[in-house]
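Presented below is the structure to which this report refers.
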Amino acid sequence: MKFSKWTFLQYIIRRAARRQGFLDPIELLARLRSFAQPSEVGEPVELLRAGVVFHARGLINSRVIQYNMDWVWPYWVERQFNPNDESFIPRAFSVSHINLTHRNWTALGYPDCEEFPLVDPRGLLTPCLDGWSLDGWVCTEGGRNLFPSRCLSGDQRQDMSRGLAITTRIQEGGLILSSTASVELEGGMPVCVLTLTARADGPAWLALALRPANAEGISFINDVALSPDRRTWTVNEEQSVVFSVPVERHLVSDYGHGDVALHLKQAQARAEIEEHGAGSCDHGMVTAAALFAIPEDGERVLTARIPLPHKTPVLAQNAWADLRESACMLQCPERRYQELYDAAITSLILHSPDDVYPGPSTYRRFWFRDAAYIIHALLCVGLEARAERALRRFPERQTPLGYFRSQDGEWDSNGEVLWILHRYQELTGRKLTADWRNVIARGARWIMRKRLSGKLAAPHAGLLPAGFSAEHLGPNDYYYWDDFWGIAGLHCAADLVLGHDADMAAEFTRAAVDFTASVDRSLASCAQRLGGPGMPASPYRRLDSGAIGSIVSGYPLQLHAADDPRLLDCAEFLLKACFIDGAFFQDMIHSGLNAYLTLHVAQVLLRANDPRHLELMDAVAGLATPTGQWPEAIHPQTRGGCMGDGHHVWAAAEWVLMVRNSFVREEGDRLILCAGIPVRWLKEGRPVLFGPAPTSFGPVSIALNPVSDTSVEIVLRTAWRGQQPPIDVRLPGHEPVTLEQSTTTVIVTREELPA
């Protein structure tokens with residue numbers, strides 16, 4: 001568009017806005033951007049699009065929910081809209097009403113299927129992405145109702161014994177309802193299965209309720225029809241719910257007549273509505289209830305099956321068992337840690353059907369940033385085939401100029417891709433094939449070209465341009481996070497091409513050294529400005545919670561030594577200024593406790609042999625949901641999710657990596673063993689096992705066998721790909737030991753405390 005045309009368009013927009021009494025949008029946008037460093041990309045279109053969709057749902061919520069509080073709403077609404085609840089948020093002039101207090105859900109599914117049904121904390125099942133839901137109720141003839149979403153307490157667990165299932169049990173007085181949701185294969189196609197079991201202390205009905213809402217808000221149901229044999233609902237003329245037995249009583253309502261729940265105790269209205277096996281609503285607010293009598297002093301069981309819209313048959317019939325068995329195993333005496341590790345492995349498997357996804361719902365899309373950590377976790381627990389499959393999708397996302405693009409304005413992605421490719425080669429022991437060479441070279445040279453001139457008379461000289469980077473760091477800026485990934489990417493690219501092009505490897509190494517010098521000069525100017533070595537988020541920021549991005553230099557990149565003052569001072573600042581109840585609180589965007597970012601700090605402490613890493617691990621374990629998941633950001637008061645996906649796969653990946661590094665981690669050319677093992681595990685007197693864990697030297701299995709109150713036998717089972725590397729055993733509370741060559745068993749004794 002020519003400048004003159006753009007100027008004219010600006011004039012029209014401004015004049016139209018002012019005539020209607022609105023703020024000038026052009027001036028407002030300029031003001032907003034003035035708070036960020038000038039950048040070629042303002043805000044990534046993908047995030048803007050996601051935000052518009054998110055708040056569009058919130059607008060619908062604001063038009064429906066608050067005016068119909070006599071409906072039975074999902075758990076988050078029942079609490080967030082309740083003035084007597086700690087989760088209450090006043091609505092006032094908030095245009096958009098969204099879930100900010102209980103963004104907790106657990107994904108279901110089957111390996112290599114793209115569909116992830118969700119279960120909320122009270123068992124509400126949403127079979128399809130952003131769709132309608134199914135709920136279970138118990139309703140007595142006397143007018144008592146058990147609505148799980150209105151119960152403050154309930155028991156929920158994840159069952160991984162035969163596949164993947166979520167069981168929720170709710171009890172109130174003499175009414176009990178249990179629900180179990182899972183995904184099974186029928187003829188190779190995935191089917192979501194919901195089983196309800198109800199008991200009552202008097203005449204009552206089990207109700208399967210069709211709800212036009214989910215954990216995000218309203219999801220329209222335009223029509224529902226009950227089949228002539230009374231065994232199938234057809235919803236919106238395309239999806240079906242199949243009952244295990246015929247419906248005994250059937251209620252349908254629309255927006256004008258209110259929630260079907262309102263008719264449960266109105267016999268006359270109920271009889272009138274029962275004459276119709278179908279219902280529709282112009283507002284998209286159909287509700288329905290299929291009723292089944294509960295035998296007196298007995299229980300009623302109902303199963304509903306919902307076919308999922310998966311396009312191709314799944315061939316692996318025993319996929320869950322096979323994949324879990326192939327993954328690195330943990331055996332420890334602490335039940336919660338064991339459950340969280342097993343749940344995290346399950347989450348990694350579930351969310352790597354081809355691409356890897358950082359979440360089943362809000363984040364069911366691709367970012368290189370999340371993918372690097374998730375694929376690293378897959379590699380570190382031996383699920384290399386799934387990691388390799390995801391990596392094969394990377395080249396198609398590289399632009400002709402070499403940029404690995406998941407969204408514009410994020411300059412960390414190229415470094416992340418080159419780093420994870422290098423880790424793949426290290427952890428598997430297999431060289432990348434020749435077709436990767438051009439991909440790697442173009443990716444590295446993009447970093448080199450993208451850097452700013454080192455001759456600028458400014459603290460950002462030689463760094464990557466200002467960009468959006470990770471959203472939790474703040475507005476557009478010259479983020480050290482991007483730079484550290486860029487430096488690591490160049491070093492990794494040099495190593496990846498070394499075997500076939502020594503000159504190119506030297507070129508990339510020189511670029512990495514020069515890049516490092518620019519960052520060191522910039523950090524030195526920050527140290528002078530701030531009066532300490534701690535690394536802020538960018539050369540122009542004070543130390544704030546955005547500095548969490550700068551510790552990437554220590555974990556996972558290890559660009560800085562474990563005892564580097566810049567790294568440790570940054571971590572110390574974060575611990576003192578940005579932690580609540582032992583967990584990192586991110587003020588920016590997330591405004592919640594972050595499990596995965598807390599573990600980033602814990603990893604830095606672990607490398608530094610600082611015992612506080614275990615305090616952070618324990619805090620993160622305490623933040624997990626009963627099903628062993630973490631929302632991306634957690635409300636510091638309600639402990640429910642307040643931002644992002646309610647089942648955050650990056651957090652699951654970080655838990656796996658934290659456990660792995662507690663047992664075995666690479667530190668340069670050495671292996672460090674057992675540095676993060678809680679001493680309390682050994683007091684049980686039972687073996688602690690981990691492995692086989694891939695390392696850059698070959699797979700390692702570790703067994704810790706307490707032999708007395710003061711000593712522990714450590715037994716290794718290895719398959720080195722070359723000579724055994726130097727190995728340091730650093731079991732907390734015990735004397736450090738360096739293993740001799742070919743040693744596979746060592747006894748470590750408890751350290752004597754000074755008198």
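Residue numbers start at 1 in each chain; chains themselves are named A, B, ... in the order of the structure tokens; ligands are numbered from 1 in the order shown.
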task: Write out as number ranges by chain which residues come within 6 Å of A:Ala547 when counting only C-alpha atoms, dropping same-chain ones fewer than 3 positions away.
output: A: 536-537, 544, 550
Spatial neighbours of A:Cys642, max dist 7 Å, only C-alpha atoms, sep filter under 6 positions, as a list of chain:residue names: A:Leu100, A:Thr101, A:His102, A:Arg103, A:Gly592, A:Ala633, A:Ile634, A:His635
With stretch 353-373 of chain A as the partner and 12 Å as the cut-off, tabulate the residues of stretch 252-322 of chain A that qualify, each row holding the nearest pair of atoms and their distance in Å to one decimal, using only C-alpha atoms, sorted by chain and rising number, as CSV.
residue,atom,partner,partner_atom,distance
A:His310,CA,A:Pro353,CA,11.9
A:Val314,CA,A:Pro353,CA,11.0
A:Ala319,CA,A:Pro353,CA,11.9
message: List as number ranges by chain the protein and nucleic acid residues near A:Gly402, meaning an atom at most 8 Å away when only C-alpha atoms are counted, but skip any in the same chain fewer than 6 places from it.
response: A: 439, 442-446
For the selection you just gave me, I'd like the residues written to a file as a PDB file, in the first residue's frame, keeping N, CA and C atoms.
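File selection_26.pdb, as written:
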ATOM      1  N   VAL A 439      19.581 -28.019   5.669  1.00  0.00           N
ATOM      2  CA  VAL A 439      18.657 -27.467   6.668  1.00  0.00           C
ATOM      3  C   VAL A 439      19.447 -26.831   7.808  1.00  0.00           C
ATOM      4  N   ARG A 442      21.501 -23.620   6.548  1.00  0.00           N
ATOM      5  CA  ARG A 442      20.641 -22.449   6.362  1.00  0.00           C
ATOM      6  C   ARG A 442      20.154 -21.914   7.702  1.00  0.00           C
ATOM      7  N   GLY A 443      19.861 -22.825   8.635  1.00  0.00           N
ATOM      8  CA  GLY A 443      19.412 -22.386   9.954  1.00  0.00           C
ATOM      9  C   GLY A 443      20.476 -21.624  10.705  1.00  0.00           C
ATOM     10  N   ALA A 444      21.721 -22.093  10.634  1.00  0.00           N
ATOM     11  CA  ALA A 444      22.814 -21.413  11.330  1.00  0.00           C
ATOM     12  C   ALA A 444      23.116 -20.061  10.698  1.00  0.00           C
ATOM     13  N   ARG A 445      23.121 -20.023   9.378  1.00  0.00           N
ATOM     14  CA  ARG A 445      23.442 -18.757   8.702  1.00  0.00           C
ATOM     15  C   ARG A 445      22.334 -17.723   8.895  1.00  0.00           C
ATOM     16  N   TRP A 446      21.117 -18.185   9.087  1.00  0.00           N
ATOM     17  CA  TRP A 446      20.048 -17.226   9.403  1.00  0.00           C
ATOM     18  C   TRP A 446      20.373 -16.506  10.704  1.00  0.00           C
TER      19      TRP A 446
END
message: Run DSSP on the backbone and tell me which residues of stretch 234-317 of chain A come out as helix (DSSP H, G or I); list them as a PyMOL selection string.
response: chain A and resi 260-263+267-274
message: Taking only C-alpha atoms into account, name the residue in A:Ile589, A:Thr744, A:Asp408, A:Leu606 that is nearest to A:Pro475.
response: A:Ile589
- prompt: Which one of A:Gly258, A:Pro212, A:Gly143, A:Pro307 sits closest to A:Val242 if you count only C-alpha atoms?
  reply: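 Closest residue, counting only C-alpha atoms: A:Pro307.
Using only C-alpha atoms for every distance, the candidate list A:Glu115, A:Glu334, A:Asp669, A:Glu172 yields A:Glu172 as the residue closest to A:Ala200.
If you measure from each of A:Leu291, A:Val260, A:Leu378, A:Leu473 to A:His590 using only C-alpha atoms, the closest one turns out to be A:Leu473.
One distance worth recording is that between atom CA of A:Leu432 and atom CA of A:Leu557, which is 20.4 Å.
With only C-alpha atoms as the basis for measurement, A:Phe690 is the residue among A:Phe690, A:Trp205, A:Phe220, A:Phe243 that approaches A:Leu716 most closely.
A straight line drawn from atom CA of A:Gly277 to atom CA of A:Lys265 is 19.2 Å long.
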message: Would you compute the distance between atom CA of A:Ser469 and atom CA of A:Cys570? Give it in Å to one decimal.
response: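 The value is 19.4 Å.
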- request: Pick out the residues sitting within 10 Å of A:Leu134, and hand them over as a ChimeraX atom specification; count only C-alpha atoms, and ignore anything fewer than 2 positions along from it in its own chain.
  value: /A:119,123-127,132,136,194,208-214,241,288-289,304
- request: Find the residues near stretch 341-344 of chain A: any atom within 7 Å, counting only C-alpha atoms, skip ones fewer than 2 places away on the same chain, and give them as a ChimeraX atom specification.
  value: /A:337-339,346-348,628,652-653,655-656
Could you turn the residues from that selection into a file that holds C-alpha atoms, as a PDB file, in the first residue's frame?
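The new file again_32.pdb reads:
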ATOM      1  CA  TYR A 337       6.816 -38.606  42.903  1.00  0.00           C
ATOM      2  CA  GLN A 338       6.202 -41.995  41.312  1.00  0.00           C
ATOM      3  CA  GLU A 339       2.688 -41.040  40.197  1.00  0.00           C
ATOM      4  CA  THR A 346       1.832 -40.791  29.731  1.00  0.00           C
ATOM      5  CA  SER A 347       1.328 -37.118  28.894  1.00  0.00           C
ATOM      6  CA  LEU A 348       4.396 -37.064  26.639  1.00  0.00           C
ATOM      7  CA  GLY A 628      -0.824 -35.568  38.125  1.00  0.00           C
ATOM      8  CA  ALA A 652       5.210 -32.631  32.277  1.00  0.00           C
ATOM      9  CA  ALA A 653       8.377 -32.617  30.174  1.00  0.00           C
ATOM     10  CA  TRP A 655       9.184 -32.956  35.566  1.00  0.00           C
ATOM     11  CA  VAL A 656      10.597 -35.872  33.559  1.00  0.00           C
TER      12      VAL A 656
END
- prompt: Using only C-alpha atoms, which residues sit within 9 Å of A:Asn609 once same-chain residues fewer than 4 positions away are excluded, as a PyMOL selection string?
  reply: chain A and resi 562+604-605+613+675-676+730+732
Let me see the file: selected residues, N, CA and C atoms, as a short mmCIF file (atom, residue, chain, number, x, y, z; two decimals), in the first residue's frame.
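What follows is the written file out.cif:
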data_model
loop_
_atom_site.label_atom_id
_atom_site.label_comp_id
_atom_site.auth_asym_id
_atom_site.auth_seq_id
_atom_site.Cartn_x
_atom_site.Cartn_y
_atom_site.Cartn_z
N ALA A 562 28.42 -24.08 36.00
CA ALA A 562 27.45 -24.23 37.09
C ALA A 562 27.62 -23.17 38.17
N VAL A 604 19.09 -25.20 37.74
CA VAL A 604 20.29 -24.39 37.97
C VAL A 604 20.86 -24.68 39.35
N LEU A 605 19.99 -24.80 40.35
CA LEU A 605 20.45 -25.11 41.70
C LEU A 605 21.06 -26.51 41.75
N HIS A 613 17.29 -27.18 45.53
CA HIS A 613 16.59 -27.69 44.35
C HIS A 613 15.46 -28.62 44.76
N ALA A 675 22.85 -36.80 41.95
CA ALA A 675 23.02 -35.52 42.64
C ALA A 675 21.72 -34.95 43.18
N GLY A 676 20.58 -35.42 42.66
CA GLY A 676 19.31 -34.87 43.10
C GLY A 676 18.41 -35.85 43.84
N ARG A 730 27.45 -38.05 43.21
CA ARG A 730 27.24 -36.92 44.12
C ARG A 730 25.92 -37.09 44.88
N PRO A 732 23.41 -36.73 47.62
CA PRO A 732 23.31 -35.76 48.72
C PRO A 732 23.49 -36.43 50.08
#
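For A:Val193, the list of residues within 6 Å, based on only C-alpha atoms and with local chain neighbours fewer than 4 positions off taken out, reads A:Ala181, A:Ser182, A:Val183, A:Ala304, A:Arg305.
Of the listed residues (A:Arg542, A:Arg423, A:Arg607, A:Lys431), A:Arg423 comes nearest to A:Leu379; the distances count only C-alpha atoms.
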